[in-house]
Amino acid sequence: MSTIEAAAGIYRIANAHMSDLIRRATVERGHDPRKFVLFAFGGAGPVHAGRYTEDLGIKQVVIPLTASVHGATGLISSDVLYEYGRSDHLIAPFDLERLNQNFSLLIAQARRDLESRGFKAADIEIVRSLDMRYRYQVHELTLSLPASTDHLQEKDLGKLYDDFHELYEKSYGQGSGYREAGMEVMTFRLTARGRLKKPNIARHLVAGNDSAQAVKSHRLVYFEEYRDLVDTAIYDFNKMKPGHEVTGPAIIETPVTTIVVNPKDHAFMDEFRNVRIELGR
């Protein structure tokens, strides 16, 4: 085995591991990966994505403009969340005053915490929920409450009971609900969201599909299909424009990552300057 063949073997093993991990997150949870588009980010992700998606039957890969810093971009632009909980055991029919009192304590704490972080009242969103179960059973479900009112009313309780029964049967199967056992609340929960300003994502005009001007060089690259080094066009991402198309085998080099377009695959840049790879075209 030559050095290049050994490197190709390492690459195949790494891709197989990635494919297995995605299979666990999809097939083993009842999802068909062929119905999904893969969002590939990170500094090295776009080097591998075209290969392990092929094993999974996924037909399209999206590499975002922000590839290597995409996680960090999400972190600094995600809303601030605080979560609170309060244990209190109530048996249906629930005491409305006690329900509202428990939530009022949590809401007051949440508003104090977010306002101390600089959020104004208009930027704070409160979501209340209850951990409920049928009496004497162990399966608890978290049921979100309407956000339209600060205080629950009597009319809301009937809907709460019906919603729990419906959610239980969706979760555990038709006929699994047991209203006759009665219902009980175990925990009061509250999620408080401080909304941050989101990035302004620019949309660009789509140009023609000719990407010849973005080719900066050619070099020999190893691809499994040929089991050899083949002359491959190297594209400069910064010279590509939305609408430009690239047919594999090709390499697109960006300042933050390297995108491999395998033989028989086809790539293009969309209006947000993301690169999309269509497999097996």
# chains A, B, ... in the order shown; residues from 1 in each chain; ligands from 1
>>> residues_around(residues="Ser77 of chain A", least_positions_apart="6", cutoff="9 Å", atoms="only C-alpha atoms", output="mmCIF file with N, CA and C atoms, in the first residue's frame")
data_model
loop_
_atom_site.group_PDB
_atom_site.id
_atom_site.type_symbol
_atom_site.label_atom_id
_atom_site.label_comp_id
_atom_site.auth_asym_id
_atom_site.auth_seq_id
_atom_site.Cartn_x
_atom_site.Cartn_y
_atom_site.Cartn_z
ATOM 1 N N LEU A 196 -32.278 38.750 21.524
ATOM 2 C CA LEU A 196 -31.166 39.541 21.003
ATOM 3 C C LEU A 196 -31.409 39.868 19.538
ATOM 4 N N LYS A 197 -30.787 40.938 19.087
ATOM 5 C CA LYS A 197 -30.876 41.310 17.676
ATOM 6 C C LYS A 197 -30.161 40.260 16.840
ATOM 7 N N LYS A 198 -30.796 39.833 15.752
ATOM 8 C CA LYS A 198 -30.233 38.788 14.903
ATOM 9 C C LYS A 198 -29.378 39.400 13.782
ATOM 10 N N PRO A 199 -28.400 38.623 13.277
ATOM 11 C CA PRO A 199 -27.566 39.129 12.186
ATOM 12 C C PRO A 199 -28.402 39.449 10.949
#
>>> residues_around(residues="Phe237 of chain A", least_positions_apart="5", cutoff="8 Å", atoms="only C-alpha atoms", output="PyMOL selection string")
chain A and resi 214+252-255
>>> write_last_selection(atoms="N, CA and C atoms", output="short mmCIF file (atom, residue, chain, number, x, y, z; two decimals), in the first residue's frame")
data_model
loop_
_atom_site.label_atom_id
_atom_site.label_comp_id
_atom_site.auth_asym_id
_atom_site.auth_seq_id
_atom_site.Cartn_x
_atom_site.Cartn_y
_atom_site.Cartn_z
N ALA A 214 -13.42 31.90 -11.72
CA ALA A 214 -13.04 31.61 -10.33
C ALA A 214 -11.97 30.52 -10.23
N ILE A 252 -13.07 23.61 -3.97
CA ILE A 252 -13.34 25.04 -3.75
C ILE A 252 -12.64 25.44 -2.46
N GLU A 253 -11.68 26.34 -2.57
CA GLU A 253 -10.93 26.78 -1.39
C GLU A 253 -11.49 28.11 -0.90
N THR A 254 -11.90 28.13 0.36
CA THR A 254 -12.40 29.35 0.98
C THR A 254 -11.40 29.76 2.06
N PRO A 255 -11.50 31.00 2.58
CA PRO A 255 -10.58 31.42 3.64
C PRO A 255 -10.73 30.61 4.93
#
>>> residues_around(residues="segment 150-166 of chain A", least_positions_apart="3", cutoff="7 Å", atoms="only C-alpha atoms", output="number ranges by chain")
A: 100, 143, 169-170, 177
>>> closest_residue(among="A:Val230, A:Met1, A:Leu81, A:Met269", to="Ala250 of chain A", atoms="only C-alpha atoms")
A:Val230
>>> residues_around(residues="segment 7-12 of chain A", least_positions_apart="5", cutoff="12 Å", atoms="only C-alpha atoms", output="ChimeraX atom specification")
/A:1-2,17-19,44,47-52,55,221-229
>>> write_last_selection(atoms="C-alpha atoms", output="short mmCIF file (atom, residue, chain, number, x, y, z; two decimals), in the first residue's frame")
data_model
loop_
_atom_site.label_atom_id
_atom_site.label_comp_id
_atom_site.auth_asym_id
_atom_site.auth_seq_id
_atom_site.Cartn_x
_atom_site.Cartn_y
_atom_site.Cartn_z
CA MET A 1 0.00 0.00 0.00
CA SER A 2 1.41 3.35 -1.03
CA HIS A 17 -17.52 6.81 11.46
CA MET A 18 -19.34 10.04 10.60
CA SER A 19 -21.91 8.15 8.56
CA ALA A 44 -13.11 20.25 8.18
CA VAL A 47 -13.98 17.99 3.20
CA HIS A 48 -15.92 14.88 4.27
CA ALA A 49 -19.61 15.71 3.75
CA GLY A 50 -19.85 14.70 0.10
CA ARG A 51 -18.65 11.18 0.95
CA TYR A 52 -20.56 10.20 4.08
CA ASP A 55 -23.56 6.33 2.15
CA VAL A 221 -5.95 15.22 -6.40
CA TYR A 222 -6.72 11.63 -5.41
CA PHE A 223 -10.33 10.42 -5.82
CA GLU A 224 -11.61 6.93 -5.00
CA GLU A 225 -13.45 6.63 -8.32
CA TYR A 226 -10.20 6.78 -10.27
CA ARG A 227 -7.92 5.19 -7.64
CA ASP A 228 -5.36 7.64 -8.87
CA LEU A 229 -4.32 11.29 -8.87
#
>>> residues_around(residues="Arg189 of chain A", least_positions_apart="4", cutoff="8 Å", atoms="only C-alpha atoms", output="list in words")
Glu83, Tyr84, Gly85, Arg86, Arg128, Ser129, Leu130 and Asp131 of chain A
>>> write_last_selection(atoms="C-alpha atoms", output="JSON list (two decimals), in the first residue's frame")
[["chain", "number", "residue", "atom", "x", "y", "z"],
["A", 83, "GLU", "CA", -34.91, 28.13, 33.01],
["A", 84, "TYR", "CA", -36.60, 27.81, 36.39],
["A", 85, "GLY", "CA", -38.39, 25.06, 38.23],
["A", 86, "ARG", "CA", -40.49, 24.77, 41.37],
["A", 128, "ARG", "CA", -44.76, 28.43, 31.31],
["A", 129, "SER", "CA", -45.08, 24.66, 31.46],
["A", 130, "LEU", "CA", -46.10, 21.91, 33.85],
["A", 131, "ASP", "CA", -44.73, 18.43, 34.45]]
>>> closest_residue(among="A:Glu28, A:Val206, A:Ala267, A:Glu278", to="Gly243 of chain A", atoms="only C-alpha atoms")
A:Val206
>>> residues_around(residues="Gly182 of chain A", least_positions_apart="2", cutoff="8 Å", atoms="only C-alpha atoms", output="ChimeraX atom specification")
/A:91-92,134-135,178-180,184
>>> closest_residue(among="A:Ile13, A:Ala108, A:Leu167, A:Val61", to="Val260 of chain A", atoms="only C-alpha atoms")
A:Val61
>>> select_by_dssp(residues="segment 53-196 of chain A", states="helix (DSSP H, G or I)", output="tab-separated table (two decimals) with N, CA and C atoms, in the first residue's frame")
chain	number	residue	atom	x	y	z
A	53	THR	N	-22.43	11.48	3.14
A	53	THR	CA	-23.84	11.63	2.78
A	53	THR	C	-24.21	10.66	1.67
A	54	GLU	N	-23.24	10.30	0.84
A	54	GLU	CA	-23.49	9.33	-0.22
A	54	GLU	C	-23.89	7.98	0.39
A	55	ASP	N	-23.23	7.59	1.48
A	55	ASP	CA	-23.56	6.33	2.15
A	55	ASP	C	-24.96	6.35	2.74
A	56	LEU	N	-25.42	7.54	3.13
A	56	LEU	CA	-26.72	7.69	3.79
A	56	LEU	C	-27.86	7.92	2.82
A	67	ALA	N	-19.02	28.81	7.50
A	67	ALA	CA	-18.68	27.43	7.85
A	67	ALA	C	-17.87	27.23	9.13
A	68	SER	N	-16.63	27.73	9.18
A	68	SER	CA	-15.76	27.38	10.31
A	68	SER	C	-16.16	28.06	11.61
A	69	VAL	N	-16.92	29.15	11.53
A	69	VAL	CA	-17.33	29.87	12.75
A	69	VAL	C	-18.84	29.83	12.92
A	70	HIS	N	-19.49	28.85	12.28
A	70	HIS	CA	-20.94	28.83	12.31
A	70	HIS	C	-21.48	28.62	13.73
A	71	GLY	N	-20.84	27.71	14.48
A	71	GLY	CA	-21.26	27.49	15.86
A	71	GLY	C	-21.11	28.74	16.70
A	72	ALA	N	-19.99	29.44	16.52
A	72	ALA	CA	-19.75	30.67	17.27
A	72	ALA	C	-20.74	31.76	16.87
A	73	THR	N	-21.06	31.81	15.57
A	73	THR	CA	-22.04	32.79	15.09
A	73	THR	C	-23.38	32.56	15.76
A	74	GLY	N	-23.76	31.28	15.85
A	74	GLY	CA	-25.02	30.96	16.52
A	74	GLY	C	-25.00	31.32	17.99
A	75	LEU	N	-23.84	31.10	18.61
A	75	LEU	CA	-23.72	31.37	20.05
A	75	LEU	C	-23.92	32.85	20.36
A	76	ILE	N	-23.26	33.72	19.59
A	76	ILE	CA	-23.32	35.15	19.92
A	76	ILE	C	-24.62	35.80	19.47
A	77	SER	N	-25.40	35.11	18.63
A	77	SER	CA	-26.66	35.71	18.16
A	77	SER	C	-27.88	34.98	18.73
A	96	LEU	N	-56.67	26.89	41.25
A	96	LEU	CA	-56.25	27.93	40.30
A	96	LEU	C	-55.36	28.97	40.96
A	97	GLU	N	-55.71	29.37	42.17
A	97	GLU	CA	-54.91	30.38	42.86
A	97	GLU	C	-53.50	29.88	43.13
A	98	ARG	N	-53.39	28.61	43.50
A	98	ARG	CA	-52.07	28.04	43.79
A	98	ARG	C	-51.23	27.91	42.51
A	99	LEU	N	-51.89	27.55	41.40
A	99	LEU	CA	-51.20	27.49	40.12
A	99	LEU	C	-50.60	28.85	39.77
A	100	ASN	N	-51.43	29.89	39.83
A	100	ASN	CA	-50.97	31.22	39.45
A	100	ASN	C	-49.92	31.76	40.41
A	101	GLN	N	-50.03	31.44	41.69
A	101	GLN	CA	-49.06	31.91	42.67
A	101	GLN	C	-47.67	31.31	42.40
A	102	ASN	N	-47.63	30.02	42.09
A	102	ASN	CA	-46.34	29.38	41.80
A	102	ASN	C	-45.68	30.02	40.57
A	103	PHE	N	-46.47	30.25	39.53
A	103	PHE	CA	-45.90	30.85	38.33
A	103	PHE	C	-45.51	32.31	38.56
A	104	SER	N	-46.29	33.02	39.37
A	104	SER	CA	-45.97	34.43	39.64
A	104	SER	C	-44.59	34.57	40.29
A	105	LEU	N	-44.27	33.66	41.21
A	105	LEU	CA	-42.96	33.70	41.86
A	105	LEU	C	-41.83	33.48	40.86
A	106	LEU	N	-42.04	32.50	39.95
A	106	LEU	CA	-41.02	32.21	38.94
A	106	LEU	C	-40.87	33.35	37.94
A	107	ILE	N	-42.00	33.93	37.52
A	107	ILE	CA	-41.97	35.03	36.55
A	107	ILE	C	-41.26	36.24	37.13
A	108	ALA	N	-41.53	36.56	38.39
A	108	ALA	CA	-40.87	37.71	39.02
A	108	ALA	C	-39.36	37.51	39.07
A	109	GLN	N	-38.92	36.30	39.40
A	109	GLN	CA	-37.48	36.02	39.44
A	109	GLN	C	-36.86	36.12	38.05
A	110	ALA	N	-37.58	35.59	37.06
A	110	ALA	CA	-37.07	35.62	35.68
A	110	ALA	C	-36.91	37.05	35.18
A	111	ARG	N	-37.90	37.88	35.44
A	111	ARG	CA	-37.82	39.27	34.97
A	111	ARG	C	-36.69	40.01	35.66
A	112	ARG	N	-36.49	39.77	36.94
A	112	ARG	CA	-35.38	40.41	37.65
A	112	ARG	C	-34.04	40.01	37.03
A	113	ASP	N	-33.90	38.72	36.75
A	113	ASP	CA	-32.63	38.22	36.21
A	113	ASP	C	-32.35	38.79	34.83
A	114	LEU	N	-33.35	38.82	33.95
A	114	LEU	CA	-33.12	39.31	32.60
A	114	LEU	C	-32.95	40.83	32.57
A	115	GLU	N	-33.71	41.53	33.39
A	115	GLU	CA	-33.56	42.99	33.44
A	115	GLU	C	-32.18	43.37	33.97
A	116	SER	N	-31.61	42.54	34.87
A	116	SER	CA	-30.25	42.82	35.36
A	116	SER	C	-29.21	42.60	34.28
A	121	ALA	N	-38.46	45.15	29.08
A	121	ALA	CA	-39.66	44.31	29.20
A	121	ALA	C	-40.14	43.83	27.84
A	122	ALA	N	-40.04	44.68	26.81
A	122	ALA	CA	-40.52	44.32	25.47
A	122	ALA	C	-39.70	43.21	24.84
A	123	ASP	N	-38.48	43.01	25.33
A	123	ASP	CA	-37.59	41.98	24.75
A	123	ASP	C	-37.60	40.69	25.55
A	154	GLU	N	-60.27	29.84	34.92
A	154	GLU	CA	-60.98	28.56	35.06
A	154	GLU	C	-61.15	27.87	33.71
A	155	LYS	N	-61.47	28.65	32.67
A	155	LYS	CA	-61.70	28.06	31.36
A	155	LYS	C	-60.43	27.41	30.81
A	156	ASP	N	-59.25	27.85	31.28
A	156	ASP	CA	-57.99	27.27	30.81
A	156	ASP	C	-57.75	25.87	31.38
A	157	LEU	N	-58.33	25.58	32.54
A	157	LEU	CA	-58.07	24.29	33.18
A	157	LEU	C	-58.64	23.13	32.39
A	158	GLY	N	-59.88	23.30	31.87
A	158	GLY	CA	-60.46	22.23	31.07
A	158	GLY	C	-59.62	21.92	29.85
A	159	LYS	N	-59.12	22.96	29.20
A	159	LYS	CA	-58.26	22.75	28.03
A	159	LYS	C	-56.95	22.08	28.44
A	160	LEU	N	-56.44	22.45	29.61
A	160	LEU	CA	-55.21	21.84	30.11
A	160	LEU	C	-55.37	20.33	30.28
A	161	TYR	N	-56.48	19.91	30.87
A	161	TYR	CA	-56.72	18.47	31.05
A	161	TYR	C	-56.83	17.75	29.70
A	162	ASP	N	-57.56	18.37	28.77
A	162	ASP	CA	-57.72	17.75	27.44
A	162	ASP	C	-56.38	17.70	26.70
A	163	ASP	N	-55.59	18.76	26.80
A	163	ASP	CA	-54.29	18.79	26.11
A	163	ASP	C	-53.36	17.72	26.66
A	164	PHE	N	-53.39	17.52	27.98
A	164	PHE	CA	-52.53	16.48	28.56
A	164	PHE	C	-52.93	15.11	28.05
A	165	HIS	N	-54.22	14.84	28.04
A	165	HIS	CA	-54.69	13.53	27.57
A	165	HIS	C	-54.29	13.31	26.11
A	166	GLU	N	-54.44	14.34	25.28
A	166	GLU	CA	-54.08	14.23	23.86
A	166	GLU	C	-52.58	14.00	23.68
A	167	LEU	N	-51.76	14.76	24.44
A	167	LEU	CA	-50.31	14.61	24.35
A	167	LEU	C	-49.87	13.23	24.82
A	168	TYR	N	-50.52	12.72	25.86
A	168	TYR	CA	-50.17	11.40	26.39
A	168	TYR	C	-50.40	10.31	25.33
A	169	GLU	N	-51.54	10.39	24.66
A	169	GLU	CA	-51.84	9.38	23.65
A	169	GLU	C	-50.95	9.53	22.41
A	170	LYS	N	-50.53	10.74	22.11
A	170	LYS	CA	-49.58	10.92	21.00
A	170	LYS	C	-48.22	10.33	21.36
A	171	SER	N	-47.86	10.45	22.63
A	171	SER	CA	-46.55	9.99	23.08
A	171	SER	C	-46.49	8.49	23.28
A	172	TYR	N	-47.57	7.90	23.80
A	172	TYR	CA	-47.52	6.49	24.19
A	172	TYR	C	-48.50	5.60	23.43
A	179	ARG	N	-57.96	8.66	31.92
A	179	ARG	CA	-58.54	9.81	32.62
A	179	ARG	C	-59.07	9.45	34.01
A	180	GLU	N	-59.57	8.21	34.11
A	180	GLU	CA	-60.18	7.81	35.38
A	180	GLU	C	-59.20	7.83	36.54
A	181	ALA	N	-57.91	7.75	36.25
A	181	ALA	CA	-56.90	7.77	37.31
A	181	ALA	C	-56.73	9.16	37.90
>>> select_by_dssp(residues="segment 56-197 of chain A", states="strand (DSSP E or B)", output="PDB file with C-alpha atoms, in the first residue's frame")
ATOM      1  CA  GLN A  60     -27.927  17.619  -1.053  1.00  0.00           C
ATOM      2  CA  VAL A  61     -25.304  19.215   1.201  1.00  0.00           C
ATOM      3  CA  VAL A  62     -25.304  22.883   2.235  1.00  0.00           C
ATOM      4  CA  ILE A  63     -22.016  24.503   3.290  1.00  0.00           C
ATOM      5  CA  VAL A  80     -30.442  34.412  26.307  1.00  0.00           C
ATOM      6  CA  LEU A  81     -32.443  31.724  28.103  1.00  0.00           C
ATOM      7  CA  TYR A  82     -33.054  31.196  31.796  1.00  0.00           C
ATOM      8  CA  GLU A  83     -34.912  28.128  33.010  1.00  0.00           C
ATOM      9  CA  TYR A  84     -36.604  27.814  36.393  1.00  0.00           C
ATOM     10  CA  GLY A  85     -38.391  25.056  38.233  1.00  0.00           C
ATOM     11  CA  ARG A  86     -40.492  24.773  41.375  1.00  0.00           C
ATOM     12  CA  SER A  87     -41.782  21.543  42.903  1.00  0.00           C
ATOM     13  CA  ASP A  88     -45.351  21.543  44.167  1.00  0.00           C
ATOM     14  CA  HIS A  89     -47.719  18.581  44.121  1.00  0.00           C
ATOM     15  CA  LEU A  90     -51.265  19.370  42.961  1.00  0.00           C
ATOM     16  CA  ILE A  91     -54.083  16.929  42.222  1.00  0.00           C
ATOM     17  CA  ILE A 124     -38.542  39.392  27.388  1.00  0.00           C
ATOM     18  CA  GLU A 125     -40.661  36.371  26.511  1.00  0.00           C
ATOM     19  CA  ILE A 126     -42.035  34.005  29.149  1.00  0.00           C
ATOM     20  CA  VAL A 127     -43.107  30.395  28.490  1.00  0.00           C
ATOM     21  CA  ARG A 128     -44.761  28.430  31.306  1.00  0.00           C
ATOM     22  CA  SER A 129     -45.076  24.658  31.461  1.00  0.00           C
ATOM     23  CA  LEU A 130     -46.102  21.911  33.851  1.00  0.00           C
ATOM     24  CA  ASP A 131     -44.725  18.426  34.455  1.00  0.00           C
ATOM     25  CA  MET A 132     -47.912  16.349  34.628  1.00  0.00           C
ATOM     26  CA  ARG A 133     -48.824  12.681  34.860  1.00  0.00           C
ATOM     27  CA  TYR A 134     -51.761  10.405  35.537  1.00  0.00           C
ATOM     28  CA  LEU A 141     -44.993  14.840  30.307  1.00  0.00           C
ATOM     29  CA  THR A 142     -44.120  18.521  30.054  1.00  0.00           C
ATOM     30  CA  LEU A 143     -47.089  20.538  28.860  1.00  0.00           C
ATOM     31  CA  SER A 144     -46.657  24.129  27.676  1.00  0.00           C
ATOM     32  CA  MET A 183     -54.090  13.914  36.887  1.00  0.00           C
ATOM     33  CA  GLU A 184     -51.460  15.569  39.000  1.00  0.00           C
ATOM     34  CA  VAL A 185     -48.796  18.246  38.669  1.00  0.00           C
ATOM     35  CA  MET A 186     -45.322  17.467  39.945  1.00  0.00           C
ATOM     36  CA  THR A 187     -43.221  20.472  38.843  1.00  0.00           C
ATOM     37  CA  PHE A 188     -43.803  24.018  37.649  1.00  0.00           C
ATOM     38  CA  ARG A 189     -41.389  25.116  34.933  1.00  0.00           C
ATOM     39  CA  LEU A 190     -40.661  28.430  33.290  1.00  0.00           C
ATOM     40  CA  THR A 191     -38.407  29.439  30.392  1.00  0.00           C
ATOM     41  CA  ALA A 192     -37.548  33.121  30.140  1.00  0.00           C
ATOM     42  CA  ARG A 193     -36.095  34.374  26.860  1.00  0.00           C
ATOM     43  CA  GLY A 194     -34.227  37.632  26.377  1.00  0.00           C
TER      44      GLY A 194
END
>>> atom_distance(atom1="atom CA of Gly208 of chain A", atom2="atom CA of Glu271 of chain A")
11.8 Å
